[in-house]
Amino acid sequence: MTLLFKKLKQPLVLGYVVAGFLASPHMAYTPSVMDTANIQTWADIGVIFLLFALGLEFSFKKIVKVGGAAIIAACTIIFCMILLGVAVGTGFGWQRMDCIFLGGMIAMSSTTIIYKAFDDLGMRKKQFTGLVLSVLILEDILAIVLMVMLSTMAVSHNFEGTEMLGSIAKLLFFLILWFVVGIYLIPGLLKRCRKLMSEETLLIVSLGLCFGMVVMAAHTGFSAAFGAFIMGSILAETVEAESIERLVKPVKDLFGAIFFVSVGMMVDPAMIVEYAGPIVVITLAVILGQSLFGTLGVLLAGQPLKTAMQCGFSLTQIGEFAFIIASLGVSLHVTSHFLYPIVVAVSVITTFLTPYTVSYTHLRAHETSL
């Protein structure tokens with residue numbers, strides 16, 4: 001599947017999802033994986049590695065470089081898209097948690113897919129792509145915060161102000177504690193043990209730290225993904241950051257693929273036929289909402305209309321974070337069974353359309369400037 005999708009110049013993520021669907025219990029004509037509980041375990045490990053690798057690419061220097069324009073744009077997009085998702089879910093008469101999780105899922109554009117689309121279309125050096133990638137970095141960070149908030153809401157089942165304040169205080173304490181540990185203990189430890197570290201030991205130590213943090217986050221009441229991201233971002237500030245990122249990449253690629261394959265296994269064709277209406281409506285909400293609010297956010301940040309439109313129309317899809325938030329809802333048993341396949345279907349449709357929306361707006365903007 002990955003070879004086929006590479007040949008078709010489509011994102012590999014879709015190849016993994018299709019491969020998962022072909023190997024799923026829902027596909028009667030191919031050999032199927034029947035033990036779905038096992039799939040879920042591997043998928044959880046995949047999410048941990050994906051977010052650990054994401055944390056390794058994120059450093060405070062990057063945040064400083066991002067600048068005000070990206071911050072205004074990212075906050076506008078996320079806030080408006082969550083409201084749009086809640087409104088769409090409410091319109092279908094879904095439960096409150098389904099609506100809130102839907103808002104979270106459609107708020108995040110896919111860094112992997114957009115990065116890949118820019119690469120394939122040879123647009124990485126364009127002026128507006130820098131701003132788009134900055135917005136995506138911020139969206140990834142805000143997605144982590146959103147996941148923490150959703151986990152807290154799901155566990156407490158209510159939205160009392162004191163409850164939320166308590167969890168925010170706990171989050172701040174957790175962050176301060178770990179960044180103190182991250183700034184003083186871990187870089188010192190890696191420096192002292194540098195002579196003992198072969199590539200193999202460095203990889204094992206990094207993964208050990210990652211899983212240690214995952215366990216600690218889980219015991220404190222946060223998601224495992226959040227712990228993995230925090231440890232990745234702590235290691236991103238150390239002298240060994242580049243080596244760790246290089247060594248972790250094959251592990252991330254393997255387990256990331258397993259995660260996306262597991263997403264494909266969750267797709268039930270009967271469910272997609274049954275919920276065809278909501279899938280079409282949510283797909284339109286993602287494409288129109290992201291392009292409109294993306295353009296608006298970049299305009300509010302003081303950029304010209306041409307740049308704003310190029311940025312807005314580049315963000316018209318949902319990807320890995322939609323799946324991660326969807327699987328969070330499933331693992332916490334707070335979302336309905338139909339939400340996961342709907343979001344996967346919407347993601348697949350919007351991902352297929354991404355290269356076309358990006359190149360179309362770029363051509364239109366180019367014609368306008370001519």
# chains A, B, ... in the order shown; residues from 1 in each chain; ligands from 1
>>> residues_around(residues="Ala285 (chain A)", least_positions_apart="6", cutoff="9 Å", atoms="only C-alpha atoms", output="ChimeraX atom specification")
/A:81,84-85,88,106
>>> residues_around(residues="region 35-44 of chain A", least_positions_apart="2", cutoff="9 Å", atoms="only C-alpha atoms", output="list of chain:residue names")
A:Ser24, A:Pro25, A:Val33, A:Gly46, A:Val47, A:Ile48, A:Phe49, A:Ala224, A:Ala225, A:Phe255, A:Gly256, A:Ile258, A:Phe259, A:Phe260, A:Val261, A:Ser262, A:Val263, A:Met265, A:Met266, A:Ser327, A:Ser331
>>> closest_residue(among="A:Leu3, A:Ala257, A:Val248, A:Val180", to="Leu203 (chain A)", atoms="only C-alpha atoms")
A:Val248
>>> closest_atom_pairs(of="region 97-150 of chain A", to="region 8-20 of chain A", cutoff="12 Å", atoms="only C-alpha atoms", output="CSV")
residue,atom,partner,partner_atom,distance
A:Ser110,CA,A:Val13,CA,10.6
A:Thr111,CA,A:Val13,CA,11.7
A:Thr112,CA,A:Val13,CA,8.6
A:Ile113,CA,A:Pro11,CA,6.4
A:Ile114,CA,A:Pro11,CA,9.4
A:Tyr115,CA,A:Pro11,CA,10.1
A:Lys116,CA,A:Pro11,CA,7.0
A:Ala117,CA,A:Pro11,CA,7.8
A:Phe118,CA,A:Pro11,CA,11.4
A:Asp119,CA,A:Pro11,CA,11.0
A:Asp120,CA,A:Lys9,CA,7.8
A:Leu121,CA,A:Lys9,CA,10.2
>>> write_last_selection(atoms="N, CA and C atoms", output="PDB file, in the first residue's frame")
ATOM      1  N   SER A 110      -3.256  18.967   9.758  1.00  0.00           N
ATOM      2  CA  SER A 110      -2.214  17.936   9.868  1.00  0.00           C
ATOM      3  C   SER A 110      -0.855  18.452   9.425  1.00  0.00           C
ATOM      4  N   THR A 111       0.089  18.538  10.376  1.00  0.00           N
ATOM      5  CA  THR A 111       1.459  18.991  10.067  1.00  0.00           C
ATOM      6  C   THR A 111       2.093  18.078   9.025  1.00  0.00           C
ATOM      7  N   THR A 112       1.980  16.760   9.238  1.00  0.00           N
ATOM      8  CA  THR A 112       2.621  15.784   8.339  1.00  0.00           C
ATOM      9  C   THR A 112       2.134  15.957   6.906  1.00  0.00           C
ATOM     10  N   ILE A 113       0.821  16.065   6.746  1.00  0.00           N
ATOM     11  CA  ILE A 113       0.232  16.082   5.399  1.00  0.00           C
ATOM     12  C   ILE A 113       0.547  17.396   4.685  1.00  0.00           C
ATOM     13  N   ILE A 114       0.470  18.520   5.398  1.00  0.00           N
ATOM     14  CA  ILE A 114       0.753  19.818   4.768  1.00  0.00           C
ATOM     15  C   ILE A 114       2.235  19.914   4.389  1.00  0.00           C
ATOM     16  N   TYR A 115       3.099  19.478   5.315  1.00  0.00           N
ATOM     17  CA  TYR A 115       4.549  19.477   5.070  1.00  0.00           C
ATOM     18  C   TYR A 115       4.850  18.688   3.802  1.00  0.00           C
ATOM     19  N   LYS A 116       4.197  17.504   3.707  1.00  0.00           N
ATOM     20  CA  LYS A 116       4.394  16.603   2.564  1.00  0.00           C
ATOM     21  C   LYS A 116       3.863  17.250   1.282  1.00  0.00           C
ATOM     22  N   ALA A 117       2.694  17.895   1.360  1.00  0.00           N
ATOM     23  CA  ALA A 117       2.103  18.540   0.173  1.00  0.00           C
ATOM     24  C   ALA A 117       3.019  19.658  -0.338  1.00  0.00           C
ATOM     25  N   PHE A 118       3.553  20.473   0.579  1.00  0.00           N
ATOM     26  CA  PHE A 118       4.479  21.550   0.183  1.00  0.00           C
ATOM     27  C   PHE A 118       5.725  20.970  -0.495  1.00  0.00           C
ATOM     28  N   ASP A 119       6.227  19.863   0.073  1.00  0.00           N
ATOM     29  CA  ASP A 119       7.409  19.210  -0.490  1.00  0.00           C
ATOM     30  C   ASP A 119       7.134  18.720  -1.903  1.00  0.00           C
ATOM     31  N   ASP A 120       6.019  17.990  -2.060  1.00  0.00           N
ATOM     32  CA  ASP A 120       5.676  17.402  -3.359  1.00  0.00           C
ATOM     33  C   ASP A 120       5.435  18.465  -4.422  1.00  0.00           C
ATOM     34  N   LEU A 121       4.868  19.610  -4.003  1.00  0.00           N
ATOM     35  CA  LEU A 121       4.551  20.676  -4.969  1.00  0.00           C
ATOM     36  C   LEU A 121       5.713  21.662  -5.141  1.00  0.00           C
TER      37      LEU A 121
END
>>> residues_around(residues="Phe128 (chain A)", least_positions_apart="5", cutoff="8 Å", atoms="only C-alpha atoms", output="PyMOL selection string")
chain A and resi 307+310-311
>>> write_last_selection(atoms="N, CA and C atoms", output="CSV table (one decimal), in the first residue's frame")
chain,number,residue,atom,x,y,z
A,307,THR,N,-1.5,36.6,1.0
A,307,THR,CA,-0.8,35.7,1.9
A,307,THR,C,-1.8,34.9,2.8
A,310,GLN,N,-3.6,32.2,0.9
A,310,GLN,CA,-2.7,31.1,0.7
A,310,GLN,C,-2.6,30.3,1.9
A,311,CYS,N,-2.4,30.9,3.1
A,311,CYS,CA,-2.3,30.2,4.3
A,311,CYS,C,-3.6,29.5,4.7
>>> atom_distance(atom1="CA of Ile71 (chain A)", atom2="CA of Glu139 (chain A)")
9.1 Å
